[in-house]
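The file target09.cif comes next; it holds mmCIF, N, CA and C atoms.
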data_input
#
loop_
_atom_site.group_PDB
_atom_site.id
_atom_site.type_symbol
_atom_site.label_atom_id
_atom_site.label_comp_id
_atom_site.auth_asym_id
_atom_site.auth_seq_id
_atom_site.Cartn_x
_atom_site.Cartn_y
_atom_site.Cartn_z
ATOM 1 N N MET A 1 130.419 121.330 133.580
ATOM 2 C CA MET A 1 129.353 122.083 132.972
ATOM 3 C C MET A 1 128.097 121.823 133.793
ATOM 4 N N GLY A 2 127.315 122.875 134.010
ATOM 5 C CA GLY A 2 126.090 122.654 134.760
ATOM 6 C C GLY A 2 125.236 123.903 134.839
ATOM 7 N N THR A 3 124.149 123.762 135.549
ATOM 8 C CA THR A 3 123.258 124.883 135.774
ATOM 9 C C THR A 3 123.549 125.444 137.153
ATOM 10 N N ALA A 4 123.370 126.727 137.330
ATOM 11 C CA ALA A 4 123.459 127.288 138.673
ATOM 12 C C ALA A 4 122.261 126.749 139.442
ATOM 13 N N VAL A 5 121.069 127.176 139.050
ATOM 14 C CA VAL A 5 119.836 126.656 139.640
ATOM 15 C C VAL A 5 118.767 126.622 138.559
ATOM 16 N N THR A 6 118.171 125.463 138.376
ATOM 17 C CA THR A 6 117.002 125.321 137.526
ATOM 18 C C THR A 6 115.801 125.430 138.446
ATOM 19 N N LEU A 7 114.974 126.423 138.208
ATOM 20 C CA LEU A 7 113.817 126.665 139.074
ATOM 21 C C LEU A 7 112.680 125.742 138.669
ATOM 22 N N LEU A 8 112.722 124.519 139.174
ATOM 23 C CA LEU A 8 111.742 123.504 138.787
ATOM 24 C C LEU A 8 110.299 123.911 139.042
ATOM 25 N N PRO A 9 109.969 124.586 140.152
ATOM 26 C CA PRO A 9 108.565 124.957 140.355
ATOM 27 C C PRO A 9 108.031 125.935 139.313
ATOM 28 N N LEU A 10 108.906 126.652 138.619
ATOM 29 C CA LEU A 10 108.440 127.599 137.609
ATOM 30 C C LEU A 10 108.141 126.925 136.275
ATOM 31 N N HIS A 11 108.464 125.651 136.161
ATOM 32 C CA HIS A 11 108.072 124.904 134.969
ATOM 33 C C HIS A 11 106.598 124.563 135.123
ATOM 34 N N SER A 12 105.794 125.029 134.226
ATOM 35 C CA SER A 12 104.343 124.837 134.330
ATOM 36 C C SER A 12 103.984 123.377 134.091
ATOM 37 N N PRO A 13 102.765 122.984 134.450
ATOM 38 C CA PRO A 13 102.340 121.614 134.168
ATOM 39 C C PRO A 13 102.447 121.238 132.691
ATOM 40 N N LEU A 14 102.412 122.228 131.811
ATOM 41 C CA LEU A 14 102.567 121.935 130.388
ATOM 42 C C LEU A 14 104.014 121.628 130.032
ATOM 43 N N HIS A 15 104.941 122.047 130.887
ATOM 44 C CA HIS A 15 106.360 121.770 130.684
ATOM 45 C C HIS A 15 106.793 120.816 131.787
ATOM 46 N N SER A 16 106.498 119.583 131.597
ATOM 47 C CA SER A 16 106.699 118.539 132.588
ATOM 48 C C SER A 16 108.157 118.421 133.004
ATOM 49 N N PRO A 17 108.393 117.993 134.242
ATOM 50 C CA PRO A 17 109.755 117.687 134.663
ATOM 51 C C PRO A 17 110.409 116.623 133.783
ATOM 52 N N LEU A 18 109.594 115.870 133.046
ATOM 53 C CA LEU A 18 110.172 114.907 132.107
ATOM 54 C C LEU A 18 110.954 115.620 131.013
ATOM 55 N N HIS A 19 110.529 116.837 130.644
ATOM 56 C CA HIS A 19 111.307 117.610 129.675
ATOM 57 C C HIS A 19 112.658 117.979 130.262
ATOM 58 N N VAL A 20 112.675 118.394 131.519
ATOM 59 C CA VAL A 20 113.937 118.728 132.187
ATOM 60 C C VAL A 20 114.819 117.493 132.253
ATOM 61 N N ALA A 21 114.246 116.352 132.618
ATOM 62 C CA ALA A 21 115.016 115.109 132.704
ATOM 63 C C ALA A 21 115.616 114.738 131.346
ATOM 64 N N GLU A 22 114.825 114.869 130.296
ATOM 65 C CA GLU A 22 115.300 114.528 128.960
ATOM 66 C C GLU A 22 116.413 115.475 128.509
ATOM 67 N N GLN A 23 116.215 116.768 128.703
ATOM 68 C CA GLN A 23 117.211 117.751 128.280
ATOM 69 C C GLN A 23 118.517 117.585 129.053
ATOM 70 N N THR A 24 118.407 117.363 130.360
ATOM 71 C CA THR A 24 119.621 117.231 131.161
ATOM 72 C C THR A 24 120.316 115.892 130.914
ATOM 73 N N ALA A 25 119.568 114.849 130.614
ATOM 74 C CA ALA A 25 120.196 113.571 130.259
ATOM 75 C C ALA A 25 121.000 113.722 128.970
ATOM 76 N N LEU A 26 120.476 114.482 128.025
ATOM 77 C CA LEU A 26 121.210 114.736 126.782
ATOM 78 C C LEU A 26 122.500 115.504 127.079
ATOM 79 N N LEU A 27 122.407 116.535 127.915
ATOM 80 C CA LEU A 27 123.611 117.298 128.278
ATOM 81 C C LEU A 27 124.622 116.421 129.004
ATOM 82 N N GLN A 28 124.139 115.536 129.860
ATOM 83 C CA GLN A 28 125.025 114.612 130.563
ATOM 84 C C GLN A 28 125.756 113.715 129.564
ATOM 85 N N HIS A 29 125.034 113.240 128.576
ATOM 86 C CA HIS A 29 125.646 112.383 127.546
ATOM 87 C C HIS A 29 126.671 113.166 126.714
ATOM 88 N N LEU A 30 126.270 114.345 126.241
ATOM 89 C CA LEU A 30 127.159 115.139 125.384
ATOM 90 C C LEU A 30 128.414 115.615 126.116
ATOM 91 N N SER A 31 128.299 115.837 127.422
ATOM 92 C CA SER A 31 129.450 116.307 128.199
ATOM 93 C C SER A 31 130.281 115.147 128.748
ATOM 94 N N GLU A 32 129.927 113.931 128.350
ATOM 95 C CA GLU A 32 130.622 112.719 128.786
ATOM 96 C C GLU A 32 130.669 112.615 130.309
ATOM 97 N N GLY A 33 129.499 112.872 130.942
ATOM 98 C CA GLY A 33 129.372 112.693 132.382
ATOM 99 C C GLY A 33 129.780 113.875 133.230
ATOM 100 N N ARG A 34 130.047 115.013 132.613
ATOM 101 C CA ARG A 34 130.518 116.168 133.374
ATOM 102 C C ARG A 34 129.426 117.172 133.697
ATOM 103 N N PHE A 35 128.191 116.906 133.307
ATOM 104 C CA PHE A 35 127.087 117.839 133.561
ATOM 105 C C PHE A 35 126.560 117.654 134.976
ATOM 106 N N ARG A 36 126.234 118.768 135.642
ATOM 107 C CA ARG A 36 125.625 118.749 136.967
ATOM 108 C C ARG A 36 124.399 119.653 136.955
ATOM 109 N N LEU A 37 123.293 119.117 137.435
ATOM 110 C CA LEU A 37 122.050 119.880 137.508
ATOM 111 C C LEU A 37 121.921 120.497 138.889
ATOM 112 N N GLY A 38 121.725 121.790 138.920
ATOM 113 C CA GLY A 38 121.376 122.479 140.163
ATOM 114 C C GLY A 38 119.882 122.731 140.131
ATOM 115 N N ALA A 39 119.176 122.322 141.166
ATOM 116 C CA ALA A 39 117.719 122.486 141.204
ATOM 117 C C ALA A 39 117.336 123.189 142.491
ATOM 118 N N GLY A 40 116.353 124.064 142.384
ATOM 119 C CA GLY A 40 115.888 124.769 143.566
ATOM 120 C C GLY A 40 114.567 125.453 143.290
ATOM 121 N N ARG A 41 114.138 126.229 144.270
ATOM 122 C CA ARG A 41 112.873 126.935 144.110
ATOM 123 C C ARG A 41 113.063 128.432 143.909
ATOM 124 N N GLY A 42 114.224 128.975 144.271
ATOM 125 C CA GLY A 42 114.532 130.380 144.027
ATOM 126 C C GLY A 42 113.742 131.349 144.877
ATOM 127 N N MET A 43 113.955 132.599 144.630
ATOM 128 C CA MET A 43 113.279 133.721 145.270
ATOM 129 C C MET A 43 113.438 134.886 144.327
ATOM 130 N N PRO A 44 112.780 135.933 144.388
ATOM 131 C CA PRO A 44 111.657 136.260 145.254
ATOM 132 C C PRO A 44 110.344 135.734 144.669
ATOM 133 N N LEU A 45 109.305 135.855 145.433
ATOM 134 C CA LEU A 45 108.006 135.355 144.994
ATOM 135 C C LEU A 45 107.448 136.121 143.806
ATOM 136 N N VAL A 46 107.955 137.316 143.545
ATOM 137 C CA VAL A 46 107.476 138.080 142.391
ATOM 138 C C VAL A 46 107.689 137.280 141.103
ATOM 139 N N ASP A 47 108.752 136.455 141.046
ATOM 140 C CA ASP A 47 108.978 135.608 139.874
ATOM 141 C C ASP A 47 107.805 134.653 139.662
ATOM 142 N N TYR A 48 107.300 134.110 140.737
ATOM 143 C CA TYR A 48 106.191 133.162 140.651
ATOM 144 C C TYR A 48 104.894 133.854 140.258
ATOM 145 N N ASP A 49 104.715 135.082 140.723
ATOM 146 C CA ASP A 49 103.523 135.835 140.341
ATOM 147 C C ASP A 49 103.581 136.216 138.863
ATOM 148 N N ALA A 50 104.779 136.555 138.377
ATOM 149 C CA ALA A 50 104.931 137.001 136.995
ATOM 150 C C ALA A 50 104.897 135.836 136.009
ATOM 151 N N VAL A 51 105.571 134.738 136.329
ATOM 152 C CA VAL A 51 105.684 133.615 135.405
ATOM 153 C C VAL A 51 104.509 132.663 135.531
ATOM 154 N N GLY A 52 103.958 132.548 136.718
ATOM 155 C CA GLY A 52 102.804 131.682 136.908
ATOM 156 C C GLY A 52 102.906 130.820 138.141
ATOM 157 N N GLY A 53 101.763 130.478 138.661
ATOM 158 C CA GLY A 53 101.719 129.565 139.787
ATOM 159 C C GLY A 53 101.520 130.230 141.124
ATOM 160 N N GLY A 54 102.061 131.418 141.307
ATOM 161 C CA GLY A 54 101.922 132.111 142.576
ATOM 162 C C GLY A 54 102.692 131.437 143.698
ATOM 163 N N SER A 55 102.453 131.903 144.914
ATOM 164 C CA SER A 55 103.220 131.424 146.064
ATOM 165 C C SER A 55 102.982 129.944 146.358
ATOM 166 N N GLY A 56 101.849 129.406 145.945
ATOM 167 C CA GLY A 56 101.591 127.979 146.149
ATOM 168 C C GLY A 56 102.629 127.110 145.468
ATOM 169 N N TYR A 57 103.088 127.521 144.293
ATOM 170 C CA TYR A 57 104.120 126.775 143.587
ATOM 171 C C TYR A 57 105.453 126.878 144.318
ATOM 172 N N TRP A 58 105.729 128.045 144.914
ATOM 173 C CA TRP A 58 106.984 128.209 145.648
ATOM 174 C C TRP A 58 107.001 127.272 146.853
ATOM 175 N N HIS A 59 105.881 127.192 147.561
ATOM 176 C CA HIS A 59 105.819 126.388 148.778
ATOM 177 C C HIS A 59 105.811 124.887 148.487
ATOM 178 N N ALA A 60 105.101 124.458 147.461
ATOM 179 C CA ALA A 60 104.891 123.018 147.262
ATOM 180 C C ALA A 60 105.412 122.503 145.928
ATOM 181 N N GLY A 61 106.021 123.345 145.114
ATOM 182 C CA GLY A 61 106.317 122.938 143.748
ATOM 183 C C GLY A 61 107.612 122.214 143.485
ATOM 184 N N LEU A 62 108.519 122.160 144.456
ATOM 185 C CA LEU A 62 109.837 121.592 144.168
ATOM 186 C C LEU A 62 109.891 120.073 144.334
ATOM 187 N N ASP A 63 109.392 119.556 145.428
ATOM 188 C CA ASP A 63 109.576 118.140 145.763
ATOM 189 C C ASP A 63 109.068 117.184 144.686
ATOM 190 N N GLU A 64 107.843 117.394 144.246
ATOM 191 C CA GLU A 64 107.258 116.492 143.250
ATOM 192 C C GLU A 64 108.028 116.545 141.937
ATOM 193 N N ARG A 65 108.381 117.732 141.509
ATOM 194 C CA ARG A 65 109.094 117.887 140.239
ATOM 195 C C ARG A 65 110.496 117.266 140.299
ATOM 196 N N LEU A 66 111.210 117.523 141.375
ATOM 197 C CA LEU A 66 112.553 116.955 141.510
ATOM 198 C C LEU A 66 112.491 115.434 141.576
ATOM 199 N N ASP A 67 111.522 114.905 142.298
ATOM 200 C CA ASP A 67 111.342 113.461 142.366
ATOM 201 C C ASP A 67 111.105 112.870 140.975
ATOM 202 N N LEU A 68 110.298 113.536 140.157
ATOM 203 C CA LEU A 68 110.041 113.046 138.802
ATOM 204 C C LEU A 68 111.299 113.067 137.945
ATOM 205 N N VAL A 69 112.094 114.132 138.047
ATOM 206 C CA VAL A 69 113.341 114.197 137.279
ATOM 207 C C VAL A 69 114.257 113.049 137.675
ATOM 208 N N LEU A 70 114.442 112.846 138.966
ATOM 209 C CA LEU A 70 115.343 111.788 139.442
ATOM 210 C C LEU A 70 114.843 110.404 139.049
ATOM 211 N N ARG A 71 113.546 110.171 139.166
ATOM 212 C CA ARG A 71 112.984 108.875 138.770
ATOM 213 C C ARG A 71 113.123 108.645 137.272
ATOM 214 N N ALA A 72 112.932 109.693 136.478
ATOM 215 C CA ALA A 72 113.058 109.559 135.018
ATOM 216 C C ALA A 72 114.496 109.218 134.629
ATOM 217 N N TRP A 73 115.472 109.756 135.325
ATOM 218 C CA TRP A 73 116.870 109.432 135.033
ATOM 219 C C TRP A 73 117.162 107.961 135.281
ATOM 220 N N ARG A 74 116.446 107.354 136.221
ATOM 221 C CA ARG A 74 116.702 105.958 136.579
ATOM 222 C C ARG A 74 116.048 104.965 135.624
ATOM 223 N N GLY A 75 115.081 105.419 134.823
ATOM 224 C CA GLY A 75 114.432 104.502 133.887
ATOM 225 C C GLY A 75 112.950 104.779 133.747
ATOM 226 N N ARG A 76 112.183 103.733 133.720
ATOM 227 C CA ARG A 76 110.738 103.828 133.478
ATOM 228 C C ARG A 76 110.054 104.542 134.633
ATOM 229 N N VAL A 77 109.138 105.471 134.285
ATOM 230 C CA VAL A 77 108.448 106.262 135.298
ATOM 231 C C VAL A 77 107.008 106.510 134.866
ATOM 232 N N SER A 78 106.110 106.496 135.825
ATOM 233 C CA SER A 78 104.724 106.902 135.598
ATOM 234 C C SER A 78 104.332 107.767 136.782
ATOM 235 N N HIS A 79 103.235 108.503 136.626
ATOM 236 C CA HIS A 79 102.848 109.416 137.704
ATOM 237 C C HIS A 79 101.383 109.780 137.565
ATOM 238 N N ASP A 80 100.757 110.023 138.710
ATOM 239 C CA ASP A 80 99.369 110.470 138.723
ATOM 240 C C ASP A 80 99.154 111.364 139.936
ATOM 241 N N SER A 81 99.059 112.665 139.697
ATOM 242 C CA SER A 81 98.830 113.633 140.765
ATOM 243 C C SER A 81 97.978 114.771 140.213
ATOM 244 N N ASP A 82 97.753 115.769 141.031
ATOM 245 C CA ASP A 82 96.997 116.939 140.580
ATOM 246 C C ASP A 82 97.727 117.701 139.480
ATOM 247 N N LEU A 83 99.058 117.689 139.510
ATOM 248 C CA LEU A 83 99.841 118.429 138.513
ATOM 249 C C LEU A 83 100.161 117.619 137.269
ATOM 250 N N TYR A 84 100.532 116.361 137.455
ATOM 251 C CA TYR A 84 100.998 115.543 136.333
ATOM 252 C C TYR A 84 100.343 114.174 136.367
ATOM 253 N N SER A 85 99.971 113.716 135.200
ATOM 254 C CA SER A 85 99.418 112.371 135.080
ATOM 255 C C SER A 85 99.849 111.822 133.729
ATOM 256 N N PHE A 86 100.628 110.721 133.751
ATOM 257 C CA PHE A 86 101.053 110.108 132.509
ATOM 258 C C PHE A 86 101.325 108.627 132.735
ATOM 259 N N PRO A 87 101.181 107.830 131.687
ATOM 260 C CA PRO A 87 101.432 106.382 131.780
ATOM 261 C C PRO A 87 102.933 106.119 131.860
ATOM 262 N N PRO A 88 103.329 104.890 132.101
ATOM 263 C CA PRO A 88 104.762 104.558 132.156
ATOM 264 C C PRO A 88 105.476 104.950 130.854
ATOM 265 N N VAL A 89 106.590 105.661 131.017
ATOM 266 C CA VAL A 89 107.440 106.056 129.897
ATOM 267 C C VAL A 89 108.896 105.852 130.308
ATOM 268 N N THR A 90 109.742 105.706 129.313
ATOM 269 C CA THR A 90 111.178 105.561 129.578
ATOM 270 C C THR A 90 111.901 106.792 129.087
#
How does the structure come out when it is put into structure tokens?
Amino acid sequence: MGTAVTLLPLHSPLHSPLHVAEQTALLQHLSEGRFRLGAGRGMPLVDYDAVGGGSGYWHAGLDERLDLVLRAWRGRVSHDSDLYSFPPVT
């Protein structure tokens, strides 16, 4: 069970990658380890113009978000950047 591609850059700053990490960790647990997350930035840019963020999110939006998801899966994580700022959470 898994996602084809979760477009992480289209998740707005109000929908933190921590939400993706939490939701996918639950799916991983419920599927008894059979869940696989596909993550990417997608195309075309019209999606970014319509949903939010514009081309800047397409160019720079994947790395930071994916890093946060992976770090959250490993345990305690904190972050401070232009997009996300939060204290240590598990």
Contacts of His79 (chain A) at 12 Å or less, counting only C-alpha atoms, minus same-chain residues fewer than 4 places along, as JSON, numbers by chain? {"A": [16, 17, 18, 64, 65, 67, 68, 69, 71, 72, 83, 84, 85, 86, 87, 88, 89]}
Long-range neighbours of Leu10 (chain A) as a list in words, 8 Å cut-off, all atoms listed in the file, 6 positions minimum in chain: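 Listing them by chain and then by number gives Gly40, Arg41, Asp47, Tyr48, Val51, Gly52, Gly53, Tyr57, Trp58, Gly61 and Leu62 of chain A.
Atom pair CA of Ala39 (chain A) / CA of Pro9 (chain A) has a distance of 9.5 Å (rounded to one decimal).
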Separation of CA of Leu70 (chain A) and CA of Thr90 (chain A), in Å? 12.4 Å
CA of His11 (chain A) and atom C of Glu32 (chain A) are how many Å apart?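 A separation of 26.1 Å between them.
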Determine which residues of chain A receive a DSSP assignment of alpha helix (DSSP H), computed from the backbone, and state them as a PDB file with N, CA and C atoms, in the frame of the given file.
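Contents of out.pdb, as written:
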ATOM      1  N   PRO A  17     108.393 117.993 134.242  1.00  0.00           N
ATOM      2  CA  PRO A  17     109.755 117.687 134.663  1.00  0.00           C
ATOM      3  C   PRO A  17     110.409 116.623 133.783  1.00  0.00           C
ATOM      4  N   LEU A  18     109.594 115.870 133.046  1.00  0.00           N
ATOM      5  CA  LEU A  18     110.172 114.907 132.107  1.00  0.00           C
ATOM      6  C   LEU A  18     110.954 115.620 131.013  1.00  0.00           C
ATOM      7  N   HIS A  19     110.529 116.837 130.644  1.00  0.00           N
ATOM      8  CA  HIS A  19     111.307 117.610 129.675  1.00  0.00           C
ATOM      9  C   HIS A  19     112.658 117.979 130.262  1.00  0.00           C
ATOM     10  N   VAL A  20     112.675 118.394 131.519  1.00  0.00           N
ATOM     11  CA  VAL A  20     113.937 118.728 132.187  1.00  0.00           C
ATOM     12  C   VAL A  20     114.819 117.493 132.253  1.00  0.00           C
ATOM     13  N   ALA A  21     114.246 116.352 132.618  1.00  0.00           N
ATOM     14  CA  ALA A  21     115.016 115.109 132.704  1.00  0.00           C
ATOM     15  C   ALA A  21     115.616 114.738 131.346  1.00  0.00           C
ATOM     16  N   GLU A  22     114.825 114.869 130.296  1.00  0.00           N
ATOM     17  CA  GLU A  22     115.300 114.528 128.960  1.00  0.00           C
ATOM     18  C   GLU A  22     116.413 115.475 128.509  1.00  0.00           C
ATOM     19  N   GLN A  23     116.215 116.768 128.703  1.00  0.00           N
ATOM     20  CA  GLN A  23     117.211 117.751 128.280  1.00  0.00           C
ATOM     21  C   GLN A  23     118.517 117.585 129.053  1.00  0.00           C
ATOM     22  N   THR A  24     118.407 117.363 130.360  1.00  0.00           N
ATOM     23  CA  THR A  24     119.621 117.231 131.161  1.00  0.00           C
ATOM     24  C   THR A  24     120.316 115.892 130.914  1.00  0.00           C
ATOM     25  N   ALA A  25     119.568 114.849 130.614  1.00  0.00           N
ATOM     26  CA  ALA A  25     120.196 113.571 130.259  1.00  0.00           C
ATOM     27  C   ALA A  25     121.000 113.722 128.970  1.00  0.00           C
ATOM     28  N   LEU A  26     120.476 114.482 128.025  1.00  0.00           N
ATOM     29  CA  LEU A  26     121.210 114.736 126.782  1.00  0.00           C
ATOM     30  C   LEU A  26     122.500 115.504 127.079  1.00  0.00           C
ATOM     31  N   LEU A  27     122.407 116.535 127.915  1.00  0.00           N
ATOM     32  CA  LEU A  27     123.611 117.298 128.278  1.00  0.00           C
ATOM     33  C   LEU A  27     124.622 116.421 129.004  1.00  0.00           C
ATOM     34  N   GLN A  28     124.139 115.536 129.860  1.00  0.00           N
ATOM     35  CA  GLN A  28     125.025 114.612 130.563  1.00  0.00           C
ATOM     36  C   GLN A  28     125.756 113.715 129.564  1.00  0.00           C
ATOM     37  N   HIS A  29     125.034 113.240 128.576  1.00  0.00           N
ATOM     38  CA  HIS A  29     125.646 112.383 127.546  1.00  0.00           C
ATOM     39  C   HIS A  29     126.671 113.166 126.714  1.00  0.00           C
ATOM     40  N   LEU A  30     126.270 114.345 126.241  1.00  0.00           N
ATOM     41  CA  LEU A  30     127.159 115.139 125.384  1.00  0.00           C
ATOM     42  C   LEU A  30     128.414 115.615 126.116  1.00  0.00           C
ATOM     43  N   LEU A  45     109.305 135.855 145.433  1.00  0.00           N
ATOM     44  CA  LEU A  45     108.006 135.355 144.994  1.00  0.00           C
ATOM     45  C   LEU A  45     107.448 136.121 143.806  1.00  0.00           C
ATOM     46  N   VAL A  46     107.955 137.316 143.545  1.00  0.00           N
ATOM     47  CA  VAL A  46     107.476 138.080 142.391  1.00  0.00           C
ATOM     48  C   VAL A  46     107.689 137.280 141.103  1.00  0.00           C
ATOM     49  N   ASP A  47     108.752 136.455 141.046  1.00  0.00           N
ATOM     50  CA  ASP A  47     108.978 135.608 139.874  1.00  0.00           C
ATOM     51  C   ASP A  47     107.805 134.653 139.662  1.00  0.00           C
ATOM     52  N   TYR A  48     107.300 134.110 140.737  1.00  0.00           N
ATOM     53  CA  TYR A  48     106.191 133.162 140.651  1.00  0.00           C
ATOM     54  C   TYR A  48     104.894 133.854 140.258  1.00  0.00           C
ATOM     55  N   ASP A  49     104.715 135.082 140.723  1.00  0.00           N
ATOM     56  CA  ASP A  49     103.523 135.835 140.341  1.00  0.00           C
ATOM     57  C   ASP A  49     103.581 136.216 138.863  1.00  0.00           C
ATOM     58  N   ALA A  50     104.779 136.555 138.377  1.00  0.00           N
ATOM     59  CA  ALA A  50     104.931 137.001 136.995  1.00  0.00           C
ATOM     60  C   ALA A  50     104.897 135.836 136.009  1.00  0.00           C
ATOM     61  N   VAL A  51     105.571 134.738 136.329  1.00  0.00           N
ATOM     62  CA  VAL A  51     105.684 133.615 135.405  1.00  0.00           C
ATOM     63  C   VAL A  51     104.509 132.663 135.531  1.00  0.00           C
ATOM     64  N   GLY A  54     102.061 131.418 141.307  1.00  0.00           N
ATOM     65  CA  GLY A  54     101.922 132.111 142.576  1.00  0.00           C
ATOM     66  C   GLY A  54     102.692 131.437 143.698  1.00  0.00           C
ATOM     67  N   SER A  55     102.453 131.903 144.914  1.00  0.00           N
ATOM     68  CA  SER A  55     103.220 131.424 146.064  1.00  0.00           C
ATOM     69  C   SER A  55     102.982 129.944 146.358  1.00  0.00           C
ATOM     70  N   GLY A  56     101.849 129.406 145.945  1.00  0.00           N
ATOM     71  CA  GLY A  56     101.591 127.979 146.149  1.00  0.00           C
ATOM     72  C   GLY A  56     102.629 127.110 145.468  1.00  0.00           C
ATOM     73  N   TYR A  57     103.088 127.521 144.293  1.00  0.00           N
ATOM     74  CA  TYR A  57     104.120 126.775 143.587  1.00  0.00           C
ATOM     75  C   TYR A  57     105.453 126.878 144.318  1.00  0.00           C
ATOM     76  N   TRP A  58     105.729 128.045 144.914  1.00  0.00           N
ATOM     77  CA  TRP A  58     106.984 128.209 145.648  1.00  0.00           C
ATOM     78  C   TRP A  58     107.001 127.272 146.853  1.00  0.00           C
ATOM     79  N   HIS A  59     105.881 127.192 147.561  1.00  0.00           N
ATOM     80  CA  HIS A  59     105.819 126.388 148.778  1.00  0.00           C
ATOM     81  C   HIS A  59     105.811 124.887 148.487  1.00  0.00           C
ATOM     82  N   ALA A  60     105.101 124.458 147.461  1.00  0.00           N
ATOM     83  CA  ALA A  60     104.891 123.018 147.262  1.00  0.00           C
ATOM     84  C   ALA A  60     105.412 122.503 145.928  1.00  0.00           C
ATOM     85  N   GLY A  61     106.021 123.345 145.114  1.00  0.00           N
ATOM     86  CA  GLY A  61     106.317 122.938 143.748  1.00  0.00           C
ATOM     87  C   GLY A  61     107.612 122.214 143.485  1.00  0.00           C
ATOM     88  N   LEU A  62     108.519 122.160 144.456  1.00  0.00           N
ATOM     89  CA  LEU A  62     109.837 121.592 144.168  1.00  0.00           C
ATOM     90  C   LEU A  62     109.891 120.073 144.334  1.00  0.00           C
ATOM     91  N   ASP A  63     109.392 119.556 145.428  1.00  0.00           N
ATOM     92  CA  ASP A  63     109.576 118.140 145.763  1.00  0.00           C
ATOM     93  C   ASP A  63     109.068 117.184 144.686  1.00  0.00           C
ATOM     94  N   GLU A  64     107.843 117.394 144.246  1.00  0.00           N
ATOM     95  CA  GLU A  64     107.258 116.492 143.250  1.00  0.00           C
ATOM     96  C   GLU A  64     108.028 116.545 141.937  1.00  0.00           C
ATOM     97  N   ARG A  65     108.381 117.732 141.509  1.00  0.00           N
ATOM     98  CA  ARG A  65     109.094 117.887 140.239  1.00  0.00           C
ATOM     99  C   ARG A  65     110.496 117.266 140.299  1.00  0.00           C
ATOM    100  N   LEU A  66     111.210 117.523 141.375  1.00  0.00           N
ATOM    101  CA  LEU A  66     112.553 116.955 141.510  1.00  0.00           C
ATOM    102  C   LEU A  66     112.491 115.434 141.576  1.00  0.00           C
ATOM    103  N   ASP A  67     111.522 114.905 142.298  1.00  0.00           N
ATOM    104  CA  ASP A  67     111.342 113.461 142.366  1.00  0.00           C
ATOM    105  C   ASP A  67     111.105 112.870 140.975  1.00  0.00           C
ATOM    106  N   LEU A  68     110.298 113.536 140.157  1.00  0.00           N
ATOM    107  CA  LEU A  68     110.041 113.046 138.802  1.00  0.00           C
ATOM    108  C   LEU A  68     111.299 113.067 137.945  1.00  0.00           C
ATOM    109  N   VAL A  69     112.094 114.132 138.047  1.00  0.00           N
ATOM    110  CA  VAL A  69     113.341 114.197 137.279  1.00  0.00           C
ATOM    111  C   VAL A  69     114.257 113.049 137.675  1.00  0.00           C
ATOM    112  N   LEU A  70     114.442 112.846 138.966  1.00  0.00           N
ATOM    113  CA  LEU A  70     115.343 111.788 139.442  1.00  0.00           C
ATOM    114  C   LEU A  70     114.843 110.404 139.049  1.00  0.00           C
ATOM    115  N   ARG A  71     113.546 110.171 139.166  1.00  0.00           N
ATOM    116  CA  ARG A  71     112.984 108.875 138.770  1.00  0.00           C
ATOM    117  C   ARG A  71     113.123 108.645 137.272  1.00  0.00           C
ATOM    118  N   ALA A  72     112.932 109.693 136.478  1.00  0.00           N
ATOM    119  CA  ALA A  72     113.058 109.559 135.018  1.00  0.00           C
ATOM    120  C   ALA A  72     114.496 109.218 134.629  1.00  0.00           C
ATOM    121  N   TRP A  73     115.472 109.756 135.325  1.00  0.00           N
ATOM    122  CA  TRP A  73     116.870 109.432 135.033  1.00  0.00           C
ATOM    123  C   TRP A  73     117.162 107.961 135.281  1.00  0.00           C
ATOM    124  N   ARG A  74     116.446 107.354 136.221  1.00  0.00           N
ATOM    125  CA  ARG A  74     116.702 105.958 136.579  1.00  0.00           C
ATOM    126  C   ARG A  74     116.048 104.965 135.624  1.00  0.00           C
TER     127      ARG A  74
END
